[in-house]
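Have a look at data-v6.txt; it's compact mmCIF, C-alpha atoms:
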```
# COMPACT_ATOMS: atom_id res chain seq x y z
CA MET Q 194 150.95 116.52 100.94
CA ASN Q 195 151.39 117.68 97.34
CA ARG Q 196 148.62 119.14 95.19
CA ILE Q 197 148.15 116.02 93.02
CA THR Q 198 147.75 113.76 96.06
CA LEU Q 199 145.22 116.16 97.57
CA CYS Q 200 143.17 116.18 94.34
CA PHE Q 201 143.06 112.39 94.27
CA LEU Q 202 142.03 112.29 97.95
CA VAL Q 203 139.21 114.80 97.42
CA ALA Q 204 138.01 112.92 94.32
CA GLY Q 205 137.99 109.69 96.30
CA LEU Q 206 135.98 111.24 99.12
CA LEU Q 207 133.47 112.63 96.64
CA THR Q 208 133.12 109.21 95.03
CA VAL Q 209 132.52 107.51 98.36
CA SER Q 210 130.05 110.10 99.62
CA SER Q 211 128.01 110.56 96.44
CA PRO Q 212 124.58 108.96 96.84
CA ALA Q 213 123.73 105.92 94.76
CA LYS Q 214 121.34 106.54 91.89
CA PRO Q 215 117.84 105.31 92.72
CA PRO Q 216 116.87 102.18 90.78
CA ASN Q 217 114.92 102.30 87.57
CA VAL Q 218 111.56 100.54 87.69
CA LEU Q 219 110.23 98.50 84.77
CA ILE Q 220 106.86 96.69 84.85
CA LEU Q 221 106.20 94.11 82.15
CA LEU Q 222 102.50 93.26 82.16
CA ALA Q 223 100.90 90.50 80.08
CA ASP Q 224 97.16 90.46 79.40
CA ASP Q 225 95.00 87.36 80.02
CA LEU Q 226 98.02 85.06 80.28
CA GLY Q 227 97.36 81.52 81.51
CA TRP Q 228 99.08 80.27 84.66
CA ALA Q 229 100.62 77.30 82.83
CA ASP Q 230 101.56 79.06 79.60
CA LEU Q 231 105.25 79.86 80.01
CA GLY Q 232 108.23 77.55 79.96
CA PHE Q 233 109.22 78.32 83.54
CA GLN Q 234 105.63 77.58 84.57
CA GLY Q 235 105.86 74.12 83.03
CA SER Q 236 104.51 74.61 79.51
CA LYS Q 237 105.76 72.25 76.82
CA ASP Q 238 103.96 73.74 73.82
CA VAL Q 239 103.96 77.50 74.54
CA LEU Q 240 107.59 78.61 74.38
CA SER Q 241 109.08 81.60 76.22
CA PRO Q 242 112.91 81.42 76.15
CA HIS Q 243 113.59 85.03 77.15
CA LEU Q 244 111.18 84.97 80.08
CA ASP Q 245 112.56 81.58 81.13
CA GLN Q 246 116.04 83.08 81.30
CA PHE Q 247 114.69 86.10 83.15
CA ALA Q 248 112.84 83.85 85.63
CA ALA Q 249 116.09 81.99 86.36
CA GLN Q 250 117.61 85.32 87.46
CA SER Q 251 114.57 86.51 89.44
CA VAL Q 252 112.57 85.90 92.56
CA ARG Q 253 109.53 83.88 91.48
CA PHE Q 254 106.45 84.44 93.64
CA THR Q 255 104.56 81.16 93.73
CA ASP Q 256 101.59 82.67 95.60
CA GLY Q 257 101.42 86.00 93.76
CA HIS Q 258 98.06 87.63 93.09
CA VAL Q 259 96.45 90.53 91.30
CA THR Q 260 93.59 92.51 92.84
CA ALA Q 261 90.93 91.50 90.29
CA SER Q 262 90.30 88.72 87.80
CA VAL Q 263 89.51 91.21 85.00
CA CYS Q 264 91.58 93.88 83.29
CA SER Q 265 90.63 97.40 84.34
CA PRO Q 266 90.20 97.00 88.13
CA SER Q 267 93.35 94.88 88.24
CA ARG Q 268 95.29 97.70 86.61
CA ALA Q 269 93.76 100.25 88.99
CA GLY Q 270 95.03 98.21 91.96
CA LEU Q 271 98.47 97.91 90.38
CA MET Q 272 98.78 101.62 89.54
CA THR Q 273 97.61 102.90 92.94
CA GLY Q 274 98.95 100.20 95.27
CA ARG Q 275 95.51 100.17 96.89
CA TYR Q 276 92.39 98.08 96.74
CA GLN Q 277 90.56 99.63 93.80
CA GLN Q 278 87.25 99.13 95.64
CA ARG Q 279 88.32 101.98 97.95
CA PHE Q 280 87.58 104.39 95.11
CA GLY Q 281 84.72 102.60 93.38
CA HIS Q 282 86.76 101.07 90.54
CA GLU Q 283 85.16 97.68 91.02
CA ALA Q 284 83.61 96.69 87.68
CA ASN Q 285 85.47 96.24 84.40
CA THR Q 286 85.67 98.60 81.41
CA PRO Q 287 84.80 102.12 82.61
CA PRO Q 288 82.15 103.93 80.52
CA ASN Q 289 83.44 106.83 78.42
CA ASP Q 290 82.62 109.35 81.15
CA GLN Q 291 84.30 107.32 83.91
CA GLY Q 292 87.81 106.21 84.82
CA MET Q 293 90.25 105.75 87.66
CA ASP Q 294 89.46 108.25 90.43
CA LEU Q 295 91.39 111.47 89.81
CA LYS Q 296 92.14 111.89 93.51
CA GLN Q 297 94.22 108.72 93.57
CA VAL Q 298 98.00 109.09 93.55
CA THR Q 299 99.44 106.76 90.93
CA MET Q 300 102.80 105.06 90.99
CA ALA Q 301 103.85 107.44 88.22
CA ASP Q 302 102.78 110.46 90.31
CA ALA Q 303 104.85 109.28 93.26
CA LEU Q 304 107.99 108.42 91.29
CA LYS Q 305 107.84 111.54 89.12
CA LYS Q 306 107.83 113.60 92.32
CA LEU Q 307 111.07 111.84 93.26
CA GLY Q 308 112.73 112.86 89.99
CA TYR Q 309 111.88 109.94 87.71
CA ARG Q 310 111.03 110.24 84.04
CA THR Q 311 107.91 108.19 83.51
CA GLY Q 312 106.34 106.38 80.58
CA VAL Q 313 103.53 103.95 79.78
CA ILE Q 314 103.56 101.96 76.56
CA GLY Q 315 100.62 99.81 75.45
CA LYS Q 316 97.20 99.30 76.97
CA TRP Q 317 95.83 101.91 79.39
CA HIS Q 318 92.20 100.89 80.12
CA LEU Q 319 91.79 103.26 83.06
CA GLY Q 320 89.53 105.80 81.40
CA ASN Q 321 88.98 107.05 77.85
CA ALA Q 322 88.24 110.72 78.52
CA ASP Q 323 91.12 113.20 78.33
CA ARG Q 324 91.01 113.91 82.06
CA PHE Q 325 91.94 110.25 82.71
CA TYR Q 326 94.71 110.24 80.10
CA PRO Q 327 98.12 108.90 81.21
CA LEU Q 328 99.71 112.34 80.85
CA GLN Q 329 97.26 113.54 83.52
CA ARG Q 330 98.16 110.64 85.83
CA GLY Q 331 101.88 111.20 86.35
CA PHE Q 332 103.28 109.91 83.05
CA ASP Q 333 105.54 112.04 80.85
CA TYR Q 334 105.13 109.80 77.83
CA PHE Q 335 102.39 107.57 76.42
CA TYR Q 336 102.43 105.36 73.36
CA GLY Q 337 99.46 103.02 73.13
CA LEU Q 338 95.69 102.73 73.25
CA ARG Q 339 93.20 104.12 75.73
CA GLU Q 340 90.80 101.19 75.72
CA GLY Q 341 91.10 97.50 76.58
CA SER Q 342 91.90 95.58 73.40
CA ARG Q 343 92.32 95.91 69.65
CA GLY Q 344 93.64 94.08 66.59
CA TYR Q 345 97.37 93.46 66.28
CA PHE Q 346 97.69 94.97 62.79
CA TYR Q 347 97.03 98.52 61.64
CA ASN Q 348 93.46 98.97 60.35
CA ALA Q 349 92.56 102.47 59.21
CA ASP Q 350 88.91 101.56 58.69
CA ARG Q 351 88.30 100.14 62.17
CA GLU Q 352 90.44 100.49 65.30
CA ASP Q 353 92.70 103.13 63.81
CA LYS Q 354 89.98 105.59 62.84
CA PRO Q 355 90.64 109.05 64.38
CA THR Q 356 87.54 108.68 66.58
CA SER Q 357 88.42 105.25 67.97
CA ASN Q 358 89.54 104.81 71.57
CA LYS Q 359 91.54 101.81 70.33
CA ARG Q 360 93.71 103.79 67.94
CA ILE Q 361 97.40 104.06 68.72
CA GLU Q 362 98.43 107.44 70.13
CA ARG Q 363 101.69 109.09 71.07
CA ASN Q 364 101.01 111.77 73.65
CA GLN Q 365 97.48 112.39 72.29
CA GLU Q 366 98.60 112.43 68.66
CA THR Q 367 97.16 109.61 66.53
CA VAL Q 368 99.94 107.61 64.88
CA ALA Q 369 100.10 104.82 62.31
CA PHE Q 370 102.28 101.78 62.90
CA ASP Q 371 103.85 99.12 60.71
CA GLY Q 372 104.08 95.46 61.57
CA TYR Q 373 102.78 93.45 64.49
CA LEU Q 374 101.66 95.52 67.49
CA THR Q 375 103.42 93.44 70.14
CA ASP Q 376 106.75 93.95 68.38
CA VAL Q 377 106.00 97.66 67.97
CA LEU Q 378 105.38 98.05 71.70
CA GLY Q 379 108.66 96.30 72.45
CA ASP Q 380 110.50 98.63 70.07
CA GLN Q 381 108.92 101.69 71.69
CA ALA Q 382 109.92 100.48 75.15
CA SER Q 383 113.49 99.87 74.01
CA GLN Q 384 113.67 103.41 72.65
CA PHE Q 385 112.39 104.80 75.95
CA ILE Q 386 115.11 102.94 77.86
CA ALA Q 387 117.82 103.96 75.38
CA LYS Q 388 117.10 107.67 75.81
CA GLU Q 389 120.05 109.33 77.51
CA SER Q 390 119.08 110.91 80.82
CA GLU Q 391 120.59 111.53 84.23
CA ASP Q 392 117.23 110.74 85.80
CA PRO Q 393 116.07 107.25 86.76
CA PHE Q 394 113.07 105.97 84.81
CA PHE Q 395 109.76 104.29 85.52
CA LEU Q 396 108.37 102.44 82.52
CA PHE Q 397 105.08 100.54 82.47
CA LEU Q 398 105.10 98.24 79.42
CA SER Q 399 101.49 97.08 79.22
CA PHE Q 400 101.08 94.47 76.48
CA THR Q 401 97.75 93.66 74.88
CA ALA Q 402 99.04 90.12 74.29
CA PRO Q 403 97.75 87.49 74.55
CA HIS Q 404 94.30 89.09 74.98
CA GLY Q 405 91.99 88.54 72.02
CA PRO Q 406 91.49 88.96 69.16
CA LEU Q 407 93.64 85.94 68.36
CA GLN Q 408 96.02 87.24 65.69
CA ALA Q 409 99.62 86.35 64.95
CA THR Q 410 102.09 86.69 62.09
CA GLU Q 411 102.35 83.83 59.62
CA GLU Q 412 106.00 83.31 60.56
CA ASP Q 413 105.13 82.90 64.24
CA LEU Q 414 102.21 80.60 63.43
CA GLN Q 415 104.50 78.35 61.41
CA ARG Q 416 106.75 77.91 64.43
CA PHE Q 417 103.83 76.27 66.26
CA ALA Q 418 102.48 74.21 63.38
CA ASN Q 419 102.74 71.12 65.61
CA ILE Q 420 99.88 72.40 67.82
CA GLU Q 421 96.72 70.94 66.31
CA ASN Q 422 94.18 73.22 68.00
CA PRO Q 423 94.14 76.40 65.85
CA LYS Q 424 93.16 78.62 68.77
CA ARG Q 425 95.94 77.25 70.96
CA ARG Q 426 98.39 77.54 68.04
CA THR Q 427 97.62 81.24 67.56
CA TYR Q 428 97.77 81.87 71.30
CA ALA Q 429 101.20 80.22 71.49
CA ALA Q 430 102.41 82.41 68.64
CA MET Q 431 101.15 85.52 70.43
CA VAL Q 432 102.97 84.59 73.65
CA TRP Q 433 106.09 83.87 71.60
CA ALA Q 434 105.91 87.37 70.11
CA MET Q 435 105.48 88.91 73.56
CA ASP Q 436 108.48 86.94 74.81
CA ARG Q 437 110.51 88.16 71.83
CA ALA Q 438 109.57 91.78 72.59
CA ILE Q 439 110.48 91.34 76.25
CA GLY Q 440 113.81 89.82 75.25
CA LYS Q 441 114.57 92.89 73.16
CA VAL Q 442 113.65 95.24 76.01
CA LEU Q 443 115.78 93.34 78.53
CA GLN Q 444 118.70 93.31 76.09
CA GLN Q 445 118.40 97.08 75.66
CA LEU Q 446 118.45 97.42 79.44
CA GLU Q 447 121.62 95.31 79.54
CA ASP Q 448 123.27 97.21 76.69
CA SER Q 449 122.56 100.53 78.43
CA GLY Q 450 124.43 99.32 81.53
CA GLN Q 451 121.36 99.76 83.74
CA ALA Q 452 120.23 96.18 84.27
CA ASP Q 453 121.74 95.68 87.73
CA ASN Q 454 120.14 98.83 89.13
CA THR Q 455 116.69 98.27 87.63
CA ILE Q 456 113.80 96.59 89.43
CA VAL Q 457 112.03 94.58 86.75
CA TRP Q 458 108.60 93.09 87.45
CA PHE Q 459 106.75 90.63 85.27
CA LEU Q 460 103.16 89.47 85.81
CA SER Q 461 99.79 89.12 84.10
CA ASP Q 462 96.80 91.36 84.80
CA ASN Q 463 94.65 88.27 85.52
CA GLY Q 464 94.41 84.60 84.65
CA GLY Q 465 93.86 83.11 81.24
CA ALA Q 466 90.49 83.70 79.58
CA THR Q 467 88.07 81.00 78.49
CA GLY Q 468 88.18 82.08 74.84
CA ASN Q 469 91.87 82.67 74.07
CA GLY Q 470 93.27 79.14 74.16
CA SER Q 471 95.07 79.59 77.50
CA ILE Q 472 95.57 77.00 80.24
CA ASN Q 473 95.45 77.76 83.97
CA LEU Q 474 95.80 74.17 85.18
CA PRO Q 475 96.38 72.87 87.73
CA LEU Q 476 94.69 75.93 89.21
CA ALA Q 477 90.89 76.01 89.20
CA GLY Q 478 89.00 78.66 87.28
CA HIS Q 479 89.91 81.39 84.82
CA LYS Q 480 89.59 85.10 84.09
CA GLY Q 481 86.47 86.67 85.57
CA ILE Q 482 85.98 84.46 88.64
CA LYS Q 483 87.40 84.18 92.14
CA PHE Q 484 89.15 80.83 91.96
CA GLU Q 485 92.96 80.88 91.87
CA GLY Q 486 93.04 80.51 88.09
CA GLY Q 487 91.52 83.98 87.84
CA ILE Q 488 93.64 85.86 90.38
CA ARG Q 489 96.93 83.96 90.90
CA VAL Q 490 99.40 84.84 88.13
CA PRO Q 491 102.98 84.22 87.01
CA PHE Q 492 104.87 86.85 89.01
CA LEU Q 493 108.60 87.71 88.90
CA MET Q 494 110.92 90.37 90.33
CA ARG Q 495 114.58 90.98 89.46
CA TRP Q 496 116.88 93.55 91.09
CA PRO Q 497 120.48 92.28 90.92
CA ASP Q 498 122.00 95.12 92.95
CA LYS Q 499 119.90 94.43 96.05
CA ILE Q 500 117.92 91.17 95.90
CA GLU Q 501 119.28 87.68 95.35
CA GLY Q 502 117.61 86.04 92.36
CA GLY Q 503 117.27 82.47 91.16
CA ARG Q 504 114.85 81.40 93.88
CA THR Q 505 111.20 81.16 94.80
CA TYR Q 506 109.27 83.03 97.47
CA ASP Q 507 106.24 81.13 98.69
CA GLN Q 508 104.42 83.63 100.92
CA MET Q 509 101.32 85.42 99.67
CA VAL Q 510 102.05 88.66 97.78
CA SER Q 511 99.96 91.06 95.71
CA SER Q 512 100.38 93.29 92.68
CA MET Q 513 99.72 96.16 95.12
CA ASP Q 514 103.16 95.42 96.57
CA ILE Q 515 104.86 96.59 93.38
CA PHE Q 516 104.07 100.25 94.18
CA ALA Q 517 105.17 99.97 97.81
CA THR Q 518 108.39 98.10 97.03
CA SER Q 519 109.36 100.39 94.17
CA LEU Q 520 108.53 103.55 96.13
CA ALA Q 521 110.64 102.44 99.09
CA ALA Q 522 113.55 101.61 96.78
CA ALA Q 523 113.27 105.07 95.21
CA GLY Q 524 113.53 106.71 98.63
CA GLY Q 525 109.85 107.54 99.04
CA ASP Q 526 107.77 107.39 102.21
CA VAL Q 527 105.64 104.26 101.97
CA ARG Q 528 103.79 104.89 105.21
CA ALA Q 529 102.75 108.39 104.16
CA ALA Q 530 101.48 107.01 100.85
CA LYS Q 531 98.82 104.98 102.72
CA LEU Q 532 99.06 101.98 100.45
CA ASP Q 533 97.48 98.56 100.89
CA GLY Q 534 100.57 96.98 99.39
CA ALA Q 535 103.66 96.02 101.37
CA ASP Q 536 107.34 96.72 100.72
CA LEU Q 537 108.65 93.25 99.87
CA SER Q 538 112.36 94.12 99.99
CA PRO Q 539 113.00 93.43 103.70
CA TYR Q 540 111.18 90.10 103.47
CA LEU Q 541 113.19 89.10 100.43
CA ALA Q 542 116.44 90.30 101.99
CA GLY Q 543 115.72 88.36 105.19
CA THR Q 544 115.81 91.42 107.42
CA LYS Q 545 112.11 91.22 108.29
CA GLN Q 546 110.33 88.12 109.50
CA GLY Q 547 106.69 87.17 109.13
CA VAL Q 548 104.57 87.52 106.00
CA PRO Q 549 103.77 90.54 103.82
CA HIS Q 550 100.03 89.74 104.01
CA GLN Q 551 98.08 87.51 106.38
CA THR Q 552 94.87 88.43 104.57
CA LEU Q 553 93.92 89.58 101.08
CA TYR Q 554 90.46 90.42 99.69
CA TRP Q 555 88.76 90.39 96.29
CA HIS Q 556 85.32 91.67 95.37
CA LYS Q 557 83.44 92.63 92.21
CA LEU Q 558 79.71 93.29 92.25
CA TRP Q 559 78.26 89.82 92.92
CA PHE Q 560 81.27 87.73 93.92
CA SER Q 561 83.89 87.96 96.66
CA ALA Q 562 86.88 86.07 98.05
CA MET Q 563 89.42 86.38 100.81
CA ARG Q 564 92.56 84.64 101.94
CA ASP Q 565 93.49 84.17 105.58
CA GLY Q 566 96.81 82.43 105.31
CA PHE Q 567 96.16 79.24 103.36
CA TRP Q 568 92.41 79.38 103.99
CA LYS Q 569 90.33 80.74 101.10
CA LEU Q 570 86.67 81.78 101.30
CA ILE Q 571 84.59 82.45 98.17
CA TYR Q 572 81.16 84.11 98.17
CA VAL Q 573 78.72 83.74 95.27
CA LYS Q 574 75.55 85.85 95.31
CA ASP Q 575 72.38 83.72 95.46
CA TYR Q 576 74.47 80.64 96.25
CA GLY Q 577 76.52 81.15 99.42
CA TYR Q 578 80.04 80.36 100.57
CA ALA Q 579 82.74 77.85 99.70
CA LEU Q 580 85.86 77.23 101.81
CA TYR Q 581 89.20 75.75 100.74
CA ASP Q 582 92.43 74.84 102.51
CA LEU Q 583 95.06 75.72 99.92
CA SER Q 584 97.86 74.15 101.96
CA ALA Q 585 96.35 70.72 101.32
CA ASP Q 586 94.21 71.53 98.28
CA PRO Q 587 95.88 74.26 96.18
CA ASN Q 588 93.68 73.43 93.21
CA GLU Q 589 90.42 74.09 95.13
CA THR Q 590 88.81 70.72 94.53
CA THR Q 591 87.11 70.16 97.91
CA ASN Q 592 84.67 72.60 99.50
CA LEU Q 593 85.15 72.42 103.29
CA ALA Q 594 82.46 74.94 104.26
CA LYS Q 595 80.11 72.41 105.88
CA LYS Q 596 82.91 70.86 107.92
CA ASN Q 597 84.24 74.20 109.20
CA PRO Q 598 81.25 76.44 110.00
CA GLN Q 599 83.14 78.47 112.61
CA ARG Q 600 85.95 79.32 110.20
CA VAL Q 601 83.42 80.23 107.51
CA ASP Q 602 81.63 82.55 109.91
CA SER Q 603 84.86 84.17 111.12
CA MET Q 604 86.12 84.83 107.61
CA LYS Q 605 82.65 85.92 106.49
CA GLN Q 606 82.61 88.58 109.20
CA SER Q 607 86.08 89.78 108.18
CA MET Q 608 84.95 90.00 104.57
CA ILE Q 609 81.82 91.96 105.48
CA ALA Q 610 83.84 94.36 107.64
CA TRP Q 611 86.32 94.93 104.80
CA LYS Q 612 83.54 95.56 102.27
CA ALA Q 613 81.96 98.11 104.61
CA LYS Q 614 85.08 100.29 104.24
CA MET Q 615 84.88 100.33 100.45
CA GLU Q 616 83.13 102.82 98.17
CA THR Q 617 79.97 102.05 96.20
CA PRO Q 618 80.91 100.98 92.65
CA ARG Q 619 80.93 103.93 90.26
CA TRP Q 620 79.67 101.81 87.33
CA GLY Q 621 78.36 98.31 86.83
CA GLU Q 622 78.28 95.48 84.31
CA ALA Q 623 75.59 93.79 82.25
CA MET Q 624 73.64 91.07 84.06
CA ARG Q 625 74.79 88.53 81.49
CA TRP Q 626 78.14 88.59 83.30
CA PHE Q 627 76.43 87.69 86.57
CA HIS Q 628 74.76 84.67 84.99
CA GLU Q 629 77.93 83.60 83.20
CA HIS Q 630 80.20 83.89 86.23
CA TYR Q 631 77.59 82.47 88.60
CA LYS Q 632 77.43 79.34 86.45
CA ASN Q 633 81.21 79.02 86.35
CA HIS Q 634 81.65 79.48 90.11
CA VAL Q 635 78.97 76.94 90.98
CA ARG Q 636 80.26 74.41 88.44
CA ILE Q 637 83.65 74.35 90.17
CA ILE Q 638 82.29 74.43 93.73
CA GLU Q 639 80.00 71.46 93.12
CA GLN Q 640 82.50 69.31 91.27
CA LYS Q 641 82.64 65.74 92.54
```
Any chance you could put this one into structure tokens?
Amino acid sequence: MNRITLCFLVAGLLTVSSPAKPPNVLILLADDLGWADLGFQGSKDVLSPHLDQFAAQSVRFTDGHVTASVCSPSRAGLMTGRYQQRFGHEANTPPNDQGMDLKQVTMADALKKLGYRTGVIGKWHLGNADRFYPLQRGFDYFYGLREGSRGYFYNADREDKPTSNKRIERNQETVAFDGYLTDVLGDQASQFIAKESEDPFFLFLSFTAPHGPLQATEEDLQRFANIENPKRRTYAAMVWAMDRAIGKVLQQLEDSGQADNTIVWFLSDNGGATGNGSINLPLAGHKGIKFEGGIRVPFLMRWPDKIEGGRTYDQMVSSMDIFATSLAAAGGDVRAAKLDGADLSPYLAGTKQGVPHQTLYWHKLWFSAMRDGFWKLIYVKDYGYALYDLSADPNETTNLAKKNPQRVDSMKQSMIAWKAKMETPRWGEAMRWFHEHYKNHVRIIEQK
């Protein structure tokens, strides 16, 4: 064997034996997006061409849920892969001295330990104080706002004052921005992806869109001039801008040659809100309550290297599964992480039978819900229980509690046992939210 042949043989062996690079992980999170407000979800007036194309390449979870029907606790469940009630993050909008429990291991913590570079761009909403800052929670890079919402244009006299928790920051430095915020966040995410690095990346792109205030560019508004309702018109323009930003990010991923080995997730933090022009139909309910319109969201996953796309998955899944699935793909120990989420990969690959979750639970202060397969139980303080069979009644139109007292009691006991394992809420909410959400729950339960 001559020297040249030996060199080629050694090079070939090294190529074969070198471990594959762990996948990048990209989460695209919308804010207060309605169930019906994307093209691939059936919308005719709200347009989303880039997400429609992405959905055609992805696994679409038709029974995908978040852990809360409001922003902050939903994000806590997503970032920790655990029920946020376990660490008292039950109510929305932490006070300035509160935030996501510092003892919790975040998805960024876990992936950074495995050699990932980590970034969050956009809305944080998991604590305003410096000790809760993203750079203290496993992220190397942050560009965005600490609090829950803000205007979409730079305003030095209001949100962008140096003392505002809604100002835009880059790694704790206050920065000005030009243009429309949704586009700016997309540009920042594209730059993060384009950065040359030997390390895999985890990027959490957390849009404020289409959460209020309802603001859009004149150009985008003109595109939807055919929509007569001004609120709906502005909302459609905001979703269009988000879709445009996502298209740019996905194109950057493609141009960088990393698309096939990147797990990309898309979902909303909760259902559409009552005041932003969104539509959750045919699901019942909306943001803030326990009907499916508040907690079931558009939910996609794409990973071309490992998971076949262009299909639906109809079993119940949760946003908590994003942590578990991504950690397993990165080579981490899911069991040791003690997550409530499940690794979805073996179910999607067909190597594991059964369902990722037989039961899921939701609870915030005065209202609770649980799923046991297709059965759904809702509890409303000072009212009682409602029961639905989602296999026959996915839109929760018929309360079956009186006809199925044994099932109600069984699920009630499971719900009580689950709650007993949770921590007391670390902060609360104004009683006006109880009255508002009580009214909305009862209105739907008692519909004829």
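Counting all atoms listed in the file and comparing Q:Gln508, Q:Glu639, Q:Arg528, Q:Ala522, the residue that lies closest to Leu580 (chain Q) is Q:Glu639.
The closest residue to Asp230 (chain Q), picked from Q:Leu541, Q:Ile456, Q:Leu520, Q:Met431 and counting all atoms listed in the file, is Q:Met431.
With all atoms listed in the file as the atoms that count, the residue of Q:Glu447, Q:Asp533, Q:Glu283, Q:Asp256 with the shortest distance to Asp507 (chain Q) is Q:Asp256.
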- Residue among Q:Asn321, Q:Thr375, Q:Thr552, Q:Gln297 lying closest to Asn358 (chain Q), counting all atoms listed in the file: Q:Asn321
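Each of Q:Gly577, Q:Gly478, Q:Pro497, Q:Gly227 was compared to Ser251 (chain Q) using only C-alpha atoms, and Q:Pro497 turns out to be the nearest.
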- Which of Q:Ala369, Q:Ile482, Q:Met293, Q:Ala213 sits closest to Lys632 (chain Q) [using all atoms listed in the file]: Q:Ile482
- Query: What is the distance, in Å and to one decimal place, between CA of Asp582 (chain Q) and CA of Gly566 (chain Q)?
  - Reply: 9.2 Å
- Query: Counting only C-alpha atoms, what is within 10 Å of Met272 (chain Q), bar same-chain residues fewer than 3 positions away, as a PyMOL selection string?
  - Reply: chain Q and resi 266-269+275+277+293+297-302+319+330+397+512-513+515-516
- Long-range neighbours of Asp224 (chain Q) as JSON, numbers by chain, 12 Å cut-off, only C-alpha atoms, 4 positions minimum in chain: {"Q": [228, 259, 262, 263, 264, 265, 267, 268, 315, 316, 317, 318, 341, 342, 375, 398, 399, 400, 401, 402, 403, 404, 405, 406, 428, 431, 432, 435, 459, 460, 461, 462, 463, 464, 465, 466, 469, 471, 480, 490, 491]}
- Task: Step by step: start from the point (87.8, 103.8, 81.4) in the file's coordinates, keep every protein, DNA or RNA residue that has an atom no farther than 8 Å from it, count only C-alpha atoms, and write the set as a PyMOL selection string.
- Result: chain Q and resi 265+286-293+318-322+325+339-340
Could you add N, CA and C atoms to region 552-567 of chain Q and give me the result as a tab-separated table (two decimals), in the frame of the given file?
```
chain	number	residue	atom	x	y	z
Q	552	THR	N	96.16	88.47	105.27
Q	552	THR	CA	94.87	88.43	104.57
Q	552	THR	C	94.94	89.25	103.29
Q	553	LEU	N	94.17	88.82	102.30
Q	553	LEU	CA	93.92	89.58	101.08
Q	553	LEU	C	92.45	89.41	100.72
Q	554	TYR	N	91.89	90.42	100.02
Q	554	TYR	CA	90.46	90.42	99.69
Q	554	TYR	C	90.26	90.71	98.20
Q	555	TRP	N	89.18	90.13	97.67
Q	555	TRP	CA	88.76	90.39	96.29
Q	555	TRP	C	87.25	90.57	96.28
Q	556	HIS	N	86.77	91.50	95.47
Q	556	HIS	CA	85.32	91.67	95.37
Q	556	HIS	C	84.99	92.40	94.08
Q	557	LYS	N	83.97	91.92	93.36
Q	557	LYS	CA	83.44	92.63	92.21
Q	557	LYS	C	81.95	92.32	92.09
Q	558	LEU	N	81.15	93.31	92.44
Q	558	LEU	CA	79.71	93.29	92.25
Q	558	LEU	C	79.02	92.13	92.96
Q	559	TRP	N	79.06	90.93	92.40
Q	559	TRP	CA	78.26	89.82	92.92
Q	559	TRP	C	79.09	88.71	93.55
Q	560	PHE	N	80.40	88.83	93.50
Q	560	PHE	CA	81.27	87.73	93.92
Q	560	PHE	C	82.43	88.28	94.76
Q	561	SER	N	82.82	87.52	95.78
Q	561	SER	CA	83.89	87.96	96.66
Q	561	SER	C	84.79	86.79	97.02
Q	562	ALA	N	85.98	87.10	97.52
Q	562	ALA	CA	86.88	86.07	98.05
Q	562	ALA	C	87.81	86.73	99.04
Q	563	MET	N	88.37	85.91	99.92
Q	563	MET	CA	89.42	86.38	100.81
Q	563	MET	C	90.35	85.23	101.14
Q	564	ARG	N	91.58	85.59	101.44
Q	564	ARG	CA	92.56	84.64	101.94
Q	564	ARG	C	92.90	85.03	103.36
Q	565	ASP	N	92.95	84.03	104.23
Q	565	ASP	CA	93.49	84.17	105.58
Q	565	ASP	C	94.54	83.08	105.70
Q	566	GLY	N	95.79	83.46	105.42
Q	566	GLY	CA	96.81	82.43	105.31
Q	566	GLY	C	96.47	81.51	104.15
Q	567	PHE	N	96.49	80.21	104.41
Q	567	PHE	CA	96.16	79.24	103.36
Q	567	PHE	C	94.67	79.00	103.21
```
